[in-house]
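See below for the structure under consideration.
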Amino acid sequence: MSNQLSHIDETGRARMVDVGRKPDTERSAIARGEVRMRPETLALIQAGAMKKGDVLTVAQLAGVMGAKRTAELIPLCHPLPLTHIDVVITPDADLPGVQIIATVRTVGKTGVEMEALTAVSVAALTVYDMAKAVEKTMQIQNIRLVQKHGGLSGDVVNG
């Protein structure tokens with residue numbers, strides 16, 4: 001792993017990394033996060049009783065859309081042809097709240113870590129948006145990359 005920032009040039013200016021000469025390889029990333037809430041809020045979500053509709057389905061679709069639009073949100077991210085996006089949102093009474101896991105894949109010149117992280121973030125924000133009328137104290141927490149595969153930096157497993 002390099003100890004230099006790849007998005008900064010020798011004068012300290014931000015730049016998009018030139019990946020044009022890199023070979024296309026299989027890339028994947030898994031990210032996760034959670035939205036903590038009161039048990040009563042979780043029960044309403046699970047019952048499909050929120051005024052805005054089916055929170056889990058809408059948040060899952062929002063996560064997919066977020067992954068696809070990452071390059072529009074993160075200034076120095078490359079637009080990528082994603083070959084697979086899966087967002088799973090699971091109610092968890094032990095939190096209480098929901099667990100969110102996003103898996104993203106491509107065959108390309110750069111990784112999909114940011115796309116997986118964005119998918120989780122947008123899904124979590126959507127859960128919050130759709131349930132905030134009932135609870136404004138929900139907490140979006142622990143958004144993190146848990147695994148990446150492919151590329152020059154190799155594989156990473158982070159819990």
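By order in the structure tokens, chains are A, B, ...; within a chain, residues start at 1; ligands start at 1, following the order shown.
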
Inset, instruction - Tell me, as a ChimeraX atom specification, which residues lie within 7 Å of segment 90-107 of chain A, counting only C-alpha atoms; anything in the same chain fewer than 5 positions away does not count. - result: /A:24-39,42,81-85,112,115-116,119-120

Inset, instruction - Run DSSP on the backbone and give me the residues of chain A it puts in strand (DSSP E), as an MDAnalysis selection string. - result: chainID A and resid 25:36 82:92 97:108 139:149 156:157

Inset, instruction - Tell me, as a list in words, which residues lie within 10 Å of Leu73 of chain A, counting only C-alpha atoms; anything in the same chain fewer than 5 positions away does not count. - result: Gly66, Ala67 and Thr118 of chain A

Written selection (C-alpha atoms) as a JSON list (two decimals), in the first residue's frame:
```json
[["chain", "number", "residue", "atom", "x", "y", "z"],
["A", 66, "GLY", "CA", -27.08, 5.64, -4.70],
["A", 67, "ALA", "CA", -24.46, 3.16, -5.85],
["A", 118, "THR", "CA", -22.68, 5.18, -0.91]]
```

Inset, instruction - Would you kindly return, as a list in words, each protein, DNA or RNA residue with an atom no farther than 8 Å from any atom of segment 46-61 of chain A, considering only C-alpha atoms and excluding same-chain residues fewer than 3 positions away? - result: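 In the requested format, the answer is Leu42, Ala43, Val64, Met65, Val87, Val88, Ile89, Pro91, Val122, Ala123, Ala124, Thr126, Val127, Met130 and Ala131 of chain A.
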
Inset, instruction - Would you please work out which residue, of A:Asp86, A:Glu113, A:Asp9, A:Asp155, is nearest to Ala62 of chain A when using only C-alpha atoms? - result: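 Of A:Asp86, A:Glu113, A:Asp9, A:Asp155, the one nearest Ala62 of chain A is A:Asp86, counting only C-alpha atoms.
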
Inset, instruction - Can you work out which one of A:Gly159, A:Gly63, A:Pro23, A:Gly154 has the shortest atom-to-atom distance to Lys109 of chain A, counting only C-alpha atoms? - result: A:Pro23

Inset, instruction - Find the residues around Leu125 of chain A up to 8 Å (only C-alpha atoms counted), leave out those fewer than 4 positions away in its own chain, and share them as JSON, numbers by chain. - result: {"A": [121, 129, 140]}

Inset, instruction - If you run DSSP over the backbone, which residues in segment 10-45 of chain A end up helix (DSSP H, G or I)? Put them as a list in words. - result: Pro39, Glu40, Thr41, Leu42, Ala43, Leu44 and Ile45 of chain A

Legend entry - Residue among A:Val19, A:Ala133, A:Ala14, A:Val156 lying closest to Thr41 of chain A, counting only C-alpha atoms: A:Ala133

Inset, instruction - Calculate how many Å separate atom CA of Ser153 of chain A from atom CA of Gly111 of chain A, rounding to one decimal. - result: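 Result for atom CA of Ser153 of chain A versus atom CA of Gly111 of chain A: 9.8 Å, one decimal.
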
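By only C-alpha atoms, and with residues fewer than 4 positions from Pro75 of chain A along its chain excluded, the set lying at most 9 Å from it is Met16, Thr70 and Ala71 of chain A.
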
Could those selected residues go to a file with N, CA and C atoms, as a tab-separated table (two decimals), in the first residue's frame?
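Written out: part.tsv:
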```tsv
chain	number	residue	atom	x	y	z
A	16	MET	N	-8.24	13.93	-10.47
A	16	MET	CA	-8.80	12.60	-10.68
A	16	MET	C	-7.66	11.71	-11.18
A	70	THR	N	-22.86	7.32	-7.61
A	70	THR	CA	-21.73	7.71	-6.76
A	70	THR	C	-20.83	8.74	-7.42
A	71	ALA	N	-20.50	8.56	-8.68
A	71	ALA	CA	-19.59	9.50	-9.35
A	71	ALA	C	-20.17	10.90	-9.45
```

Inset, instruction - Please measure the separation of atom CA of Gln141 of chain A and atom CA of Leu80 of chain A, giving the value in Å to one decimal. - result: 26.8 Å

Legend entry - Shortest interatomic distance to Lys132 of chain A - which of A:Leu76, A:Gly20, A:Arg13, A:Ile45, counting only C-alpha atoms: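 Closest residue, counting only C-alpha atoms: A:Ile45.
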
Inset, instruction - Mind giving me the straight-line distance from atom CA of Glu10 of chain A to atom CA of Cys77 of chain A in Å, one decimal? - result: 19.5 Å
